[in-house]
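Participant: Have a peek at protein-v2.csv (CSV, C-alpha atoms).
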```
chain,number,residue,atom,x,y,z
J,1,MET,CA,61.2,-18.8,4.9
J,2,SER,CA,58.7,-16.1,4.6
J,3,GLU,CA,55.5,-16.3,6.6
J,4,VAL,CA,52.4,-17.0,4.6
J,5,ILE,CA,49.4,-15.0,5.8
J,6,ALA,CA,46.1,-16.7,5.1
J,7,PRO,CA,43.5,-14.3,3.6
J,8,ASP,CA,40.6,-13.4,5.8
J,9,ALA,CA,37.5,-15.3,5.3
J,10,PRO,CA,34.9,-13.4,3.3
J,11,THR,CA,32.3,-11.7,5.4
J,12,THR,CA,28.7,-11.1,4.4
J,13,VAL,CA,27.4,-7.6,5.2
J,14,LYS,CA,23.6,-7.4,5.7
J,15,ALA,CA,22.0,-4.0,5.1
J,16,TYR,CA,18.8,-3.2,6.9
J,17,LEU,CA,16.1,-0.8,5.7
J,18,LYS,CA,16.1,2.6,7.3
J,19,PRO,CA,14.1,2.2,10.5
J,20,ILE,CA,11.2,4.4,11.7
J,21,ASP,CA,11.2,6.3,15.0
J,22,GLY,CA,10.4,3.6,17.5
J,23,GLU,CA,9.8,6.1,20.3
J,24,GLY,CA,7.5,8.1,18.1
J,25,LEU,CA,5.6,5.0,17.1
J,26,ALA,CA,5.2,4.1,20.8
J,27,ALA,CA,3.8,7.6,21.6
J,28,PHE,CA,1.4,7.3,18.7
J,29,ALA,CA,0.2,3.9,19.9
J,30,ALA,CA,-0.3,5.3,23.4
J,31,LYS,CA,-2.3,8.2,22.0
J,32,GLY,CA,-4.5,5.6,20.2
J,33,ARG,CA,-5.0,3.6,23.4
J,34,ALA,CA,-6.0,6.7,25.3
J,35,ASN,CA,-8.5,7.8,22.6
J,36,PRO,CA,-9.6,4.7,20.6
J,37,ALA,CA,-12.3,6.7,18.8
J,38,SER,CA,-9.9,9.3,17.3
J,39,ARG,CA,-10.0,9.8,13.5
J,40,GLY,CA,-8.1,11.8,11.0
J,41,THR,CA,-9.3,13.1,7.6
J,42,ASN,CA,-7.5,12.6,4.3
J,43,LYS,CA,-8.2,15.2,1.7
J,44,VAL,CA,-7.6,15.0,-2.1
J,45,HIS,CA,-8.6,17.5,-4.8
J,46,THR,CA,-8.9,16.0,-8.3
J,47,VAL,CA,-8.9,18.0,-11.5
J,48,MET,CA,-9.7,16.5,-14.8
J,49,GLN,CA,-7.3,17.6,-17.6
J,50,GLY,CA,-9.2,16.0,-20.5
J,51,MET,CA,-10.0,12.6,-21.9
J,52,TYR,CA,-9.4,10.4,-18.9
J,53,ARG,CA,-6.3,12.1,-17.5
J,54,SER,CA,-6.6,13.7,-14.1
J,55,LEU,CA,-4.4,15.3,-11.5
J,56,SER,CA,-5.1,14.6,-7.8
J,57,TYR,CA,-3.6,17.1,-5.4
J,58,VAL,CA,-2.7,15.8,-1.9
J,59,GLY,CA,-1.3,18.3,0.5
J,60,ASP,CA,1.7,20.1,-0.9
J,61,HIS,CA,3.0,17.1,-2.8
J,62,GLN,CA,3.4,16.7,-6.6
J,63,PRO,CA,0.0,15.7,-8.1
J,64,VAL,CA,-0.9,12.1,-8.5
J,65,VAL,CA,-1.5,11.6,-12.2
J,66,VAL,CA,-4.2,9.1,-13.3
J,67,ASP,CA,-5.1,8.0,-16.8
J,68,GLU,CA,-6.6,5.0,-18.5
J,69,PRO,CA,-4.9,2.6,-20.9
J,70,LEU,CA,-5.4,2.9,-24.6
J,71,HIS,CA,-7.9,0.0,-24.8
J,72,LEU,CA,-10.1,2.0,-22.4
J,73,PHE,CA,-9.8,5.2,-24.5
J,74,GLY,CA,-7.2,6.9,-22.4
J,75,GLU,CA,-3.7,8.0,-23.4
J,76,ASN,CA,-1.8,5.6,-21.1
J,77,THR,CA,0.2,8.4,-19.7
J,78,ALA,CA,-0.1,7.3,-16.0
J,79,PRO,CA,-1.5,4.4,-13.9
J,80,ALA,CA,-5.2,3.7,-14.1
J,81,PRO,CA,-7.5,4.4,-11.1
J,82,GLY,CA,-7.6,0.7,-10.0
J,83,GLU,CA,-3.8,0.6,-10.2
J,84,ILE,CA,-3.6,3.7,-7.9
J,85,VAL,CA,-6.0,1.9,-5.5
J,86,LEU,CA,-3.7,-1.1,-5.4
J,87,SER,CA,-0.7,1.1,-4.9
J,88,GLY,CA,-2.4,2.7,-2.0
J,89,LEU,CA,-3.1,-0.7,-0.5
J,90,GLY,CA,0.5,-1.7,-1.1
J,91,GLY,CA,1.8,1.5,0.6
J,92,CYS,CA,-0.5,1.0,3.6
J,93,LEU,CA,0.5,-2.6,4.0
J,94,ALA,CA,4.2,-1.6,3.7
J,95,VAL,CA,3.7,1.0,6.4
J,96,GLY,CA,1.9,-1.5,8.7
J,97,ILE,CA,4.6,-4.2,8.2
J,98,THR,CA,7.3,-1.7,9.0
J,99,ALA,CA,5.5,-0.4,12.1
J,100,VAL,CA,4.7,-3.9,13.4
J,101,ALA,CA,8.3,-5.0,12.8
J,102,THR,CA,9.6,-1.9,14.6
J,103,TRP,CA,7.2,-2.7,17.5
J,104,LYS,CA,8.5,-6.3,17.6
J,105,GLN,CA,12.1,-5.0,17.4
J,106,VAL,CA,12.7,-6.9,14.1
J,107,LYS,CA,15.1,-5.3,11.7
J,108,LEU,CA,14.0,-5.6,8.1
J,109,SER,CA,16.4,-6.0,5.2
J,110,LYS,CA,13.8,-6.5,2.4
J,111,LEU,CA,10.2,-5.6,2.0
J,112,GLU,CA,8.5,-5.9,-1.4
J,113,ILE,CA,4.8,-6.2,-2.0
J,114,PHE,CA,3.3,-7.6,-5.2
J,115,LEU,CA,-0.4,-6.9,-5.8
J,116,GLU,CA,-2.9,-7.8,-8.4
J,117,GLY,CA,-6.6,-7.4,-8.6
J,118,ASP,CA,-9.4,-8.7,-10.8
J,119,ILE,CA,-11.5,-5.8,-12.0
J,120,GLY,CA,-13.9,-5.4,-14.9
J,121,ASN,CA,-15.9,-2.6,-16.4
J,122,PRO,CA,-18.6,-4.2,-18.5
J,123,ALA,CA,-21.0,-1.4,-17.4
J,124,ALA,CA,-18.6,1.1,-19.2
J,125,TRP,CA,-18.7,3.4,-16.1
J,126,GLY,CA,-22.5,3.5,-16.3
J,127,ALA,CA,-22.4,4.9,-19.8
J,128,GLY,CA,-24.6,2.3,-21.6
J,129,GLY,CA,-22.7,-0.9,-20.9
J,130,ALA,CA,-24.0,-4.0,-19.2
J,131,PRO,CA,-26.4,-3.3,-16.3
J,132,LYS,CA,-24.6,-4.4,-13.2
J,133,GLY,CA,-25.3,-4.2,-9.5
J,134,ALA,CA,-22.9,-2.3,-7.1
J,135,SER,CA,-21.6,-5.6,-5.7
J,136,GLU,CA,-20.6,-6.7,-9.2
J,137,MET,CA,-18.5,-3.6,-9.9
J,138,GLY,CA,-15.1,-2.9,-8.6
J,139,PHE,CA,-12.4,-5.3,-7.6
J,140,GLN,CA,-13.8,-8.9,-7.3
J,141,ALA,CA,-10.6,-10.4,-6.0
J,142,ILE,CA,-7.2,-9.0,-4.8
J,143,ARG,CA,-4.1,-11.1,-4.3
J,144,VAL,CA,-1.1,-9.9,-2.3
J,145,LYS,CA,2.3,-11.5,-2.0
J,146,VAL,CA,4.9,-10.1,0.4
J,147,ALA,CA,8.6,-10.7,0.1
J,148,LEU,CA,10.0,-10.0,3.5
J,149,GLU,CA,13.4,-10.6,5.1
J,150,GLY,CA,14.8,-9.5,8.4
J,151,ASP,CA,16.5,-10.7,11.5
J,152,ALA,CA,13.6,-13.0,12.6
J,153,SER,CA,12.3,-16.4,11.8
J,154,ARG,CA,9.9,-17.0,8.9
J,155,GLU,CA,7.2,-17.6,11.5
J,156,VAL,CA,7.7,-14.2,13.1
J,157,LEU,CA,7.9,-12.5,9.7
J,158,ASN,CA,4.5,-14.1,8.8
J,159,GLU,CA,3.0,-12.9,12.1
J,160,ILE,CA,4.2,-9.4,11.3
J,161,VAL,CA,2.5,-9.6,7.8
J,162,GLN,CA,-0.7,-11.0,9.2
J,163,GLN,CA,-1.0,-8.4,11.9
J,164,ALA,CA,-0.3,-5.5,9.5
J,165,ASN,CA,-3.0,-6.9,7.2
J,166,PHE,CA,-5.5,-7.2,10.0
J,167,TYR,CA,-5.0,-3.6,11.1
J,168,SER,CA,-4.4,-2.0,7.7
J,169,PRO,CA,-6.8,1.0,7.4
J,170,VAL,CA,-6.8,0.7,3.6
J,171,ALA,CA,-7.2,-3.1,3.5
J,172,ASN,CA,-10.1,-2.7,6.0
J,173,SER,CA,-11.6,0.0,3.9
J,174,MET,CA,-11.6,-2.4,0.9
J,175,ARG,CA,-12.9,-5.4,3.0
J,176,ASN,CA,-15.7,-3.6,4.9
J,177,PRO,CA,-18.6,-1.5,3.8
J,178,ILE,CA,-18.1,2.2,4.5
J,179,ALA,CA,-20.4,5.2,4.5
J,180,PHE,CA,-20.0,6.8,1.1
J,181,GLU,CA,-21.6,10.1,0.0
J,182,ILE,CA,-21.3,11.8,-3.4
J,183,LYS,CA,-23.2,15.0,-4.4
J,184,LEU,CA,-23.0,17.8,-6.9
J,185,ASP,CA,-21.2,20.8,-5.4
```
I'd like the structure from this file rewritten - as structure tokens, please.

Facilitator:
Amino acid sequence: MSEVIAPDAPTTVKAYLKPIDGEGLAAFAAKGRANPASRGTNKVHTVMQGMYRSLSYVGDHQPVVVDEPLHLFGENTAPAPGEIVLSGLGGCLAVGITAVATWKQVKLSKLEIFLEGDIGNPAAWGAGGAPKGASEMGFQAIRVKVALEGDASREVLNEIVQQANFYSPVANSMRNPIAFEIKLD
């Protein structure tokens, strides 16, 4: 009689997202504790190409292209300004979630953020549309859903999301009034 060898039971392999440098994060956090008033400066140079298409130069990266959809008289060649704002918020939340998970020693296997915001432009950018006050312009509501998986309970994953939201520089810029100055150069 020949020996029958049972096949190995199938195994599930879980892939984790590439982690950030935990030691570097700890050093950055210590620097913040040592100087809580520290600030950085983000700089962007935007150049209009024509119609509503513009290029925003950020450091030595490829330019961020912005346009408007056809129904707003753009050419729909790139995201609209409000969509770029939401993508900045999504990116900031993703960074924060990753940082908090690293700090809590939670390995993430999935992080996706879905954002939508209610925005209107009845004032037609101030070019003869409905007279509106500043508080009536811009996003009136933003909804964010986070799909997050990792080697922690749903409760811990929720804590990570909530903490990242609370400390998000971009989310807080949107939630809180900030000093804003614009002048002709």

Participant: Quote the spacing between CA of Val47 in chain J and CA of Met137 in chain J in Å to one decimal place.

Facilitator: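 These atoms are spaced 23.7 Å apart.
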
Participant: Identify the residues around (-2.2, -3.1, -7.9) within a radius of 10 Å, measuring from only C-alpha atoms in the coordinates stated by the file, and give them as a list in words.

Facilitator: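 The requested residues, written out, are Pro79, Ala80, Pro81, Gly82, Glu83, Ile84, Val85, Leu86, Ser87, Gly88, Leu89, Gly90, Ile113, Phe114, Leu115, Glu116, Gly117, Asp118, Ile142, Arg143 and Val144 of chain J.
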
Participant: For a quick check of understanding, using all atoms listed in the file, which of J:His61, J:Lys110, J:Arg39, J:Lys104 has the smallest distance to Gly22 in chain J?

Facilitator: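 That would be J:Lys104, the residue with the smallest distance to Gly22 in chain J.
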
Participant: Enter the distance from CA of Leu157 in chain J to CA of Ile97 in chain J, in Å, rounded to one decimal.

Facilitator: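 So the answer is 9.1 Å.
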
Participant: For Tyr16 in chain J, which of J:Ala124, J:Leu148, J:Ala130, J:Leu93 is the closest residue, counting all atoms listed in the file?

Facilitator: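 Residue with the minimum atom-to-atom distance to Tyr16 in chain J: J:Leu148.
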
Participant: If I take CA of Ala101 in chain J and CA of Ser173 in chain J, how far is one from the other in Å, to one decimal?

Facilitator: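 It comes out at 22.4 Å.
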
Participant: Nearest to Gly138 in chain J among J:Ile119, J:Ala9, J:Val95, J:Val106, with distances taken over all atoms listed in the file: which residue is it?

Facilitator: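 Closest to Gly138 in chain J, using all atoms listed in the file: J:Ile119.
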
Participant: What lies within 12 Å of Gly50 in chain J using all atoms listed in the file, ignoring chain neighbours under 5 positions off, as a list in words?

Facilitator: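 The filter keeps Leu55, Val66, Asp67, Glu68, Phe73, Gly74 and Glu75 of chain J.
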
Participant: List the spatial neighbours of Lys18 in chain J as a list in words - criterion: any atom at most 10 Å away, all atoms listed in the file, same-chain residues fewer than 5 positions off excluded.

Facilitator: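 Close residues of Lys18 in chain J: Thr98, Lys107, Leu108 and Ser109 of chain J.
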
Participant: Can you find the residues with an atom no farther than 8 Å from (-3.0, -1.8, 2.7), counting all atoms listed in the file, and report them as a list of chain:residue names?

Facilitator: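 The residues near that point, listed by chain and number, are J:Gly88, J:Leu89, J:Gly90, J:Gly91, J:Cys92, J:Leu93, J:Ala94, J:Gly96, J:Asn165, J:Ser168, J:Pro169, J:Val170, J:Ala171, J:Asn172.
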
Participant: Have a look at J:Ser135, J:Gln140, J:Gly32, J:Leu25 and name the one nearest to Pro177 in chain J; count all atoms listed in the file.

Facilitator: J:Ser135

Participant: Quick one: range 135-146 of chain J with all heavy atoms, as a short mmCIF file (atom, residue, chain, number, x, y, z; two decimals), keeping the file's coordinate frame?

Facilitator:
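The resulting selection_23.cif:
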```cif
data_model
loop_
_atom_site.label_atom_id
_atom_site.label_comp_id
_atom_site.auth_asym_id
_atom_site.auth_seq_id
_atom_site.Cartn_x
_atom_site.Cartn_y
_atom_site.Cartn_z
N SER J 135 -22.46 -4.51 -6.17
CA SER J 135 -21.60 -5.60 -5.70
C SER J 135 -20.82 -6.27 -6.81
O SER J 135 -19.82 -6.94 -6.56
CB SER J 135 -22.34 -6.59 -4.85
OG SER J 135 -23.25 -7.28 -5.68
N GLU J 136 -21.29 -6.10 -8.03
CA GLU J 136 -20.60 -6.70 -9.20
C GLU J 136 -19.57 -5.83 -9.80
O GLU J 136 -18.85 -6.25 -10.70
CB GLU J 136 -21.67 -7.05 -10.27
CG GLU J 136 -22.74 -8.03 -9.82
CD GLU J 136 -23.81 -8.19 -10.87
OE1 GLU J 136 -24.66 -7.28 -11.01
OE2 GLU J 136 -23.77 -9.22 -11.58
N MET J 137 -19.50 -4.60 -9.35
CA MET J 137 -18.50 -3.60 -9.90
C MET J 137 -17.36 -3.51 -8.95
O MET J 137 -17.47 -3.76 -7.76
CB MET J 137 -19.22 -2.28 -10.10
CG MET J 137 -20.36 -2.32 -11.11
SD MET J 137 -19.90 -2.94 -12.73
CE MET J 137 -18.66 -1.78 -13.20
N GLY J 138 -16.26 -3.06 -9.45
CA GLY J 138 -15.10 -2.90 -8.60
C GLY J 138 -14.25 -4.16 -8.56
O GLY J 138 -14.50 -5.13 -9.28
N PHE J 139 -13.27 -4.15 -7.70
CA PHE J 139 -12.40 -5.30 -7.60
C PHE J 139 -13.27 -6.50 -7.06
O PHE J 139 -14.02 -6.37 -6.10
CB PHE J 139 -11.27 -5.07 -6.59
CG PHE J 139 -10.17 -4.24 -7.19
CD1 PHE J 139 -9.99 -2.92 -6.80
CD2 PHE J 139 -9.33 -4.78 -8.15
CE1 PHE J 139 -8.98 -2.16 -7.36
CE2 PHE J 139 -8.32 -4.02 -8.71
CZ PHE J 139 -8.14 -2.71 -8.31
N GLN J 140 -13.10 -7.63 -7.71
CA GLN J 140 -13.80 -8.90 -7.30
C GLN J 140 -12.85 -9.78 -6.54
O GLN J 140 -13.30 -10.65 -5.80
CB GLN J 140 -14.37 -9.56 -8.53
CG GLN J 140 -15.41 -8.71 -9.27
CD GLN J 140 -16.60 -8.35 -8.41
OE1 GLN J 140 -17.29 -9.22 -7.89
NE2 GLN J 140 -16.84 -7.06 -8.22
N ALA J 141 -11.55 -9.61 -6.71
CA ALA J 141 -10.60 -10.40 -6.00
C ALA J 141 -9.24 -9.61 -6.00
O ALA J 141 -8.91 -8.98 -7.00
CB ALA J 141 -10.36 -11.76 -6.61
N ILE J 142 -8.54 -9.65 -4.89
CA ILE J 142 -7.20 -9.00 -4.80
C ILE J 142 -6.28 -10.06 -4.18
O ILE J 142 -6.62 -10.72 -3.19
CB ILE J 142 -7.25 -7.75 -3.91
CG1 ILE J 142 -8.11 -6.67 -4.60
CG2 ILE J 142 -5.83 -7.23 -3.63
CD1 ILE J 142 -8.31 -5.42 -3.78
N ARG J 143 -5.11 -10.18 -4.78
CA ARG J 143 -4.10 -11.10 -4.30
C ARG J 143 -2.82 -10.31 -3.96
O ARG J 143 -2.40 -9.46 -4.75
CB ARG J 143 -3.79 -12.17 -5.35
CG ARG J 143 -4.97 -13.12 -5.58
CD ARG J 143 -4.79 -14.01 -6.80
NE ARG J 143 -4.71 -13.27 -8.05
CZ ARG J 143 -5.76 -12.74 -8.70
NH1 ARG J 143 -6.98 -12.83 -8.20
NH2 ARG J 143 -5.60 -12.11 -9.86
N VAL J 144 -2.27 -10.59 -2.80
CA VAL J 144 -1.10 -9.90 -2.30
C VAL J 144 -0.02 -10.90 -1.94
O VAL J 144 -0.31 -11.86 -1.22
CB VAL J 144 -1.42 -8.99 -1.10
CG1 VAL J 144 -0.18 -8.25 -0.62
CG2 VAL J 144 -2.55 -8.02 -1.42
N LYS J 145 1.19 -10.69 -2.43
CA LYS J 145 2.30 -11.50 -2.00
C LYS J 145 3.37 -10.56 -1.42
O LYS J 145 3.64 -9.49 -1.98
CB LYS J 145 2.94 -12.25 -3.20
CG LYS J 145 2.05 -13.35 -3.74
CD LYS J 145 2.73 -14.10 -4.86
CE LYS J 145 1.80 -15.16 -5.40
NZ LYS J 145 2.38 -15.86 -6.55
N VAL J 146 3.93 -10.95 -0.30
CA VAL J 146 4.90 -10.10 0.40
C VAL J 146 6.24 -10.85 0.44
O VAL J 146 6.31 -11.99 0.90
CB VAL J 146 4.42 -9.81 1.85
CG1 VAL J 146 5.45 -8.97 2.59
CG2 VAL J 146 3.06 -9.13 1.83
#
```
